[in-house]
Amino acid sequence: MQRRTSKREMGCMLMVMCLVPALLAGCAHLPQSARSIDRGGAGMVGRCAEFFALLDDRTKTVGVRDAGEFRVAGYPYLRVNRFLASFRDDVENASQFDAWVARLQTLDRVARRYEMANLDPSERGSLQRRTGSGNLHEEVLQCGDVLRSADFADAQQRNRLKRTVHVPDEYLAWRRAAGLYPLPLLFLAEGVKKLHAKSRQDFSNSRPQNPLLIRYFPVETVDGRPSPRLLIGNAKQDALGIPIYAPATISELFAWYAPIWEVEDRGNYDHIGVPEWTQQGNLRINSAAARTYRRLSYTRFNGRVLAQLNYIIWFPERPRQSFLDLVGGHMDGINYRVTLGLDGQPLLYETVHNCGCYLKFYPTSRLQPRTPPECTEPPLILPAPAFDATHQRMVISMESGSHYVRHLYTVPRSSGSHRENPRRASLRPETESRGSRDSRMPVAVPHSDPEFSGRTEKHPSPTFGQSPGDDRRRYELSDYDELRSLPTPGDARRSMFDERGMVPGTERLERFILWSTGVANPGAMRQWGRHAVAFMGERHLDDPDLMEKLFTYADDFLAEDER
């Protein structure tokens with residue numbers, strides 16, 4: 001039977017068609033220059049403006065500009081992301097403005113540290129001679145402060161920055177216009193509907209009945225650590241209401257909610273690894289050691305700023321099933337995100353591939369979905385299991401090859417103790433009896449050897465392709481920013497991401513089919529901050545209002561500070 005176009009879909013088509021002339025007017029782009037308006041001036045201010053211009057010219061020429069945040073035109077010592085840009089209209093007094101600018105300046109300082117590290121040593125030496133600086137990083141700090149003092153002496157100058165700060169979206173409007181975006185919209189809507197239906201059918205909160213599983217446990221435990229409630233509750237806030245977490249607090253939060261990764265193991269492409277550059281100048285995932293990269297982000301929800309814990313892994317590839325496989329290719333990865341409430345307990349879980357594809361939401365009982373906005377891609381919302389971080393760990397279970405998340409379930413953190421002990425860790429779900437466990441599953445069991453270091457013990461089985469006692473299934477947590485400057489063979493360093501925020505060599509054939517959606521290079525792996533996560537409408541993973549747009553507190557729940 002031929003499917004009829006609904007009134008809502010027809011309305012969306014008409015609305016988008018009316019917008020086509022506007023789309024032709026421009027497209028998303030980065031500012032071409034962030035040169036200071038003080039360049040050419042006298043004294044220290046002019047010299048510092050020239051220093052930043054020389055530094056920017058060199059990083060652009062060499063091709064090592066970092067794309068994680070966005071430059072601010074006229075202010076070379078500032079960068080902005082979507083979260084900080086959302087405060088532009090909320091900055092009302094001097095203390096708020098100072099806190100805002102300090103965070104913008106920190107983004108630039110961090111980005112420049114990686115850009116300068118990625119310069120060839122000879123390039124850095126040349127810059128030092130041309131700028132007369134013995135330490136480029138110290139010069140960035142000092143000159144940034146000099147220009148900041150000169151640029152915001154009065155209210156008019158401060159308002160100029162608020163008008164200038166802008167973050168472009170990740171959609172190329174000209175592509176949507178050239179591709180007659182309203183026409184493929186119906187096919188996209190139908191494809192998304194089928195994908196969501198299949199995802200709901202295949203998903204569960206129970207353990208998969210599959211013997212070919214490999215699991216990765218975090219090395220860090222929570223022994224003796226303060227509870228998440230204390231860690232969140234004791235944090236101070238700046239003038240913008242953004243929590244200020246000490247580095248130790250951040251590490252403790254990530255340790256509390258670090259998941260167990262579970263993958264159907266049918267080849268090396270299903271093994272979590274570490275990105276590295278080869279002698280030939282290619283990027284690969286070395287699965288000899290497992291690592292999870294952590295990144296702290298924030299969302300604005302119900303008038304407050306909430307912390308989000310991002311756990312990011314990489315696989316060597318998503319194997320192609322055929323020569324014309326649209327989605328297979330070099331490298332794959334998953335981001336598991338936990339949004340914490342004001343009491344330190346999870347409100348929302350999300351999983352998304354590192355291409356920005358297959359975003360799934362798993363709200364806790366403390367949230368309820370809103371009606372999604374018209375003419376946007378409906379969110380894929382799946383049930384979350386009940387979870388108590390004190391006694392449990394979350395298991396993220398993925399199928400082989402595609403690495404689709406098919407199961408989200410919990411297992412005990414320890415046996416009869418609120419503290420975690422890696423020697424006594426269990427992989428037995430709360431709902432599963434001892435006798436029902438498959439004898440070929442790799443499990444962690446009590447060990448009497450005092451030299452035992454927390455390795456995952458397992459029954460010998462050739463199906464796993466590993467030797468007994470192999471401890472590769474323990475992963476370490478590392479800072480995501482490490483990926484912005486990786487060592488290469490020799491003395492050089494290079495970012496995992498190119499100047500567009502893409503991982504080179506991870507292109508997919510689907511880009512030739514989905515180009516009219518406006519998403520640049522759909523299917524390619526991306527840097528944090530550059531993820532478009534919908535083909536219909538516009539949606540970004542780092543949108544600080546994403547959670548607010550899709551969810552609200554459940555009727556029977558009030559945030560602790562609002563009771």
# chains A, B, ... in the order shown; residues from 1 in each chain; ligands from 1

$ select_by_dssp --residues "range 83-247 of chain A" --states "alpha helix (DSSP H)" --output "PyMOL selection string"
chain A and resi 83-85+94-117+121-131+136-151+155-164+173-178+182-202+228-233+247

$ closest_atom_pairs --of "range 490-517 of chain A" --to "range 171-176 of chain A" --cutoff "8 Å" --atoms "only C-alpha atoms" --output "tab-separated table"
residue	atom	partner	partner_atom	distance
A:Trp515	CA	A:Arg175	CA	6.8
A:Ser516	CA	A:Arg176	CA	4.9
A:Thr517	CA	A:Arg176	CA	5.7

$ residues_around --residues "range 344-349 of chain A" --least-positions-apart "4" --cutoff "7 Å" --atoms "only C-alpha atoms" --output "MDAnalysis selection string"
chainID A and resid 228:229 232 337:340 361:364 366:367

$ residues_around --residues "range 92-102 of chain A" --least-positions-apart "3" --cutoff "7 Å" --atoms "only C-alpha atoms" --output "MDAnalysis selection string"
chainID A and resid 105:106 238:240

$ write_last_selection --atoms "N, CA, C and O atoms" --output "PDB file, in the first residue's frame"
ATOM      1  N   GLN A 105      38.913  32.970  27.423  1.00  0.00           N
ATOM      2  CA  GLN A 105      40.363  33.059  27.298  1.00  0.00           C
ATOM      3  C   GLN A 105      41.026  31.717  27.606  1.00  0.00           C
ATOM      4  O   GLN A 105      42.013  31.333  26.955  1.00  0.00           O
ATOM      5  N   THR A 106      40.472  30.986  28.552  1.00  0.00           N
ATOM      6  CA  THR A 106      41.019  29.666  28.874  1.00  0.00           C
ATOM      7  C   THR A 106      40.895  28.722  27.690  1.00  0.00           C
ATOM      8  O   THR A 106      41.816  27.950  27.403  1.00  0.00           O
ATOM      9  N   ASP A 238      30.810  29.830  39.812  1.00  0.00           N
ATOM     10  CA  ASP A 238      31.289  31.162  39.459  1.00  0.00           C
ATOM     11  C   ASP A 238      30.101  32.106  39.306  1.00  0.00           C
ATOM     12  O   ASP A 238      28.957  31.733  39.578  1.00  0.00           O
ATOM     13  N   ALA A 239      30.366  33.328  38.876  1.00  0.00           N
ATOM     14  CA  ALA A 239      29.307  34.336  38.781  1.00  0.00           C
ATOM     15  C   ALA A 239      28.244  33.984  37.753  1.00  0.00           C
ATOM     16  O   ALA A 239      27.139  34.537  37.772  1.00  0.00           O
ATOM     17  N   LEU A 240      28.542  33.053  36.847  1.00  0.00           N
ATOM     18  CA  LEU A 240      27.579  32.628  35.831  1.00  0.00           C
ATOM     19  C   LEU A 240      26.743  31.442  36.295  1.00  0.00           C
ATOM     20  O   LEU A 240      25.845  31.005  35.581  1.00  0.00           O
TER      21      LEU A 240
END

$ closest_residue --among "A:Gln157, A:Ser397, A:Gly63, A:Tyr358" --to "Asn210 in chain A" --atoms "only C-alpha atoms"
A:Ser397

$ atom_distance --atom1 "CA of Glu499 in chain A" --atom2 "CA of Thr59 in chain A"
10.3 Å

$ closest_residue --among "A:Cys357, A:Val405, A:Ile285, A:Val395" --to "Met525 in chain A" --atoms "only C-alpha atoms"
A:Cys357

$ closest_residue --among "A:Glu507, A:Glu377, A:Asp498, A:Glu138" --to "Asp66 in chain A" --atoms "only C-alpha atoms"
A:Asp498

$ residues_around --residues "Asn335 in chain A" --least-positions-apart "5" --cutoff "9 Å" --atoms "only C-alpha atoms" --output "list in words"
Asn310, Tyr311, Ile312, Ile313, Glu350, Thr351, Val352, His353 and Asn354 of chain A

$ residues_around --residues "Gly241 in chain A" --least-positions-apart "2" --cutoff "12 Å" --atoms "only C-alpha atoms" --output "number ranges by chain"
A: 84, 87, 90-91, 95-96, 99-100, 235-239, 243-244, 298-300, 303-307

$ write_last_selection --atoms "N, CA and C atoms" --output "short mmCIF file (atom, residue, chain, number, x, y, z; two decimals), in the first residue's frame"
data_model
loop_
_atom_site.label_atom_id
_atom_site.label_comp_id
_atom_site.auth_asym_id
_atom_site.auth_seq_id
_atom_site.Cartn_x
_atom_site.Cartn_y
_atom_site.Cartn_z
N LEU A 84 29.41 28.22 26.17
CA LEU A 84 29.72 29.58 26.62
C LEU A 84 29.00 30.63 25.78
N PHE A 87 25.65 32.04 27.05
CA PHE A 87 25.59 33.02 28.13
C PHE A 87 25.68 34.45 27.63
N ASP A 90 23.07 36.62 28.88
CA ASP A 90 22.83 36.50 30.32
C ASP A 90 23.87 37.25 31.15
N VAL A 91 24.89 37.78 30.49
CA VAL A 91 25.94 38.51 31.19
C VAL A 91 25.43 39.92 31.48
N SER A 95 31.05 41.28 37.23
CA SER A 95 31.58 40.01 37.70
C SER A 95 31.21 38.88 36.75
N GLN A 96 30.01 38.91 36.20
CA GLN A 96 29.60 37.90 35.24
C GLN A 96 30.41 38.03 33.95
N ALA A 99 33.91 36.66 34.54
CA ALA A 99 33.92 35.19 34.59
C ALA A 99 33.75 34.60 33.20
N TRP A 100 32.92 35.23 32.39
CA TRP A 100 32.67 34.76 31.03
C TRP A 100 33.93 34.88 30.18
N ALA A 235 30.69 21.57 45.38
CA ALA A 235 31.33 22.41 44.35
C ALA A 235 30.82 23.85 44.44
N LYS A 236 31.74 24.78 44.33
CA LYS A 236 31.36 26.20 44.27
C LYS A 236 30.95 26.55 42.84
N GLN A 237 30.38 27.73 42.69
CA GLN A 237 29.96 28.21 41.38
C GLN A 237 30.59 29.56 41.10
N ASP A 238 30.81 29.83 39.81
CA ASP A 238 31.29 31.16 39.46
C ASP A 238 30.10 32.11 39.31
N ALA A 239 30.37 33.33 38.88
CA ALA A 239 29.31 34.34 38.78
C ALA A 239 28.24 33.98 37.75
N PRO A 243 29.43 25.36 37.75
CA PRO A 243 30.18 24.71 38.84
C PRO A 243 31.69 24.77 38.58
N ILE A 244 32.44 24.91 39.66
CA ILE A 244 33.89 24.90 39.59
C ILE A 244 34.38 23.63 40.27
N TYR A 298 28.82 20.44 29.87
CA TYR A 298 27.73 20.98 30.67
C TYR A 298 26.48 21.15 29.84
N THR A 299 25.34 21.10 30.52
CA THR A 299 24.07 21.42 29.89
C THR A 299 23.34 22.40 30.78
N ARG A 300 22.45 23.17 30.20
CA ARG A 300 21.62 24.11 30.97
C ARG A 300 20.20 23.55 31.01
N GLY A 303 17.01 26.05 34.38
CA GLY A 303 17.62 27.22 34.99
C GLY A 303 18.92 26.96 35.71
N ARG A 304 19.45 25.76 35.66
CA ARG A 304 20.70 25.44 36.34
C ARG A 304 21.69 24.82 35.35
N VAL A 305 22.96 24.82 35.72
CA VAL A 305 24.01 24.21 34.91
C VAL A 305 24.34 22.85 35.51
N LEU A 306 24.23 21.81 34.69
CA LEU A 306 24.46 20.44 35.15
C LEU A 306 25.70 19.86 34.47
N ALA A 307 26.41 19.02 35.21
CA ALA A 307 27.61 18.38 34.69
C ALA A 307 27.25 17.17 33.84
#

$ atom_distance --atom1 "CA of Gln368 in chain A" --atom2 "CA of Gln308 in chain A"
18.4 Å

$ atom_distance --atom1 "CA of Arg413 in chain A" --atom2 "CA of Asp481 in chain A"
28.8 Å

$ select_by_dssp --residues "range 229-392 of chain A" --states "strand (DSSP E)" --output "VMD selection string"
chain A and resid 236 to 237 243 to 244 260 to 264 274 to 277 283 to 286 290 to 301 304 to 318 329 to 340 346 to 353 360 to 363 367 to 369 380 to 381 392
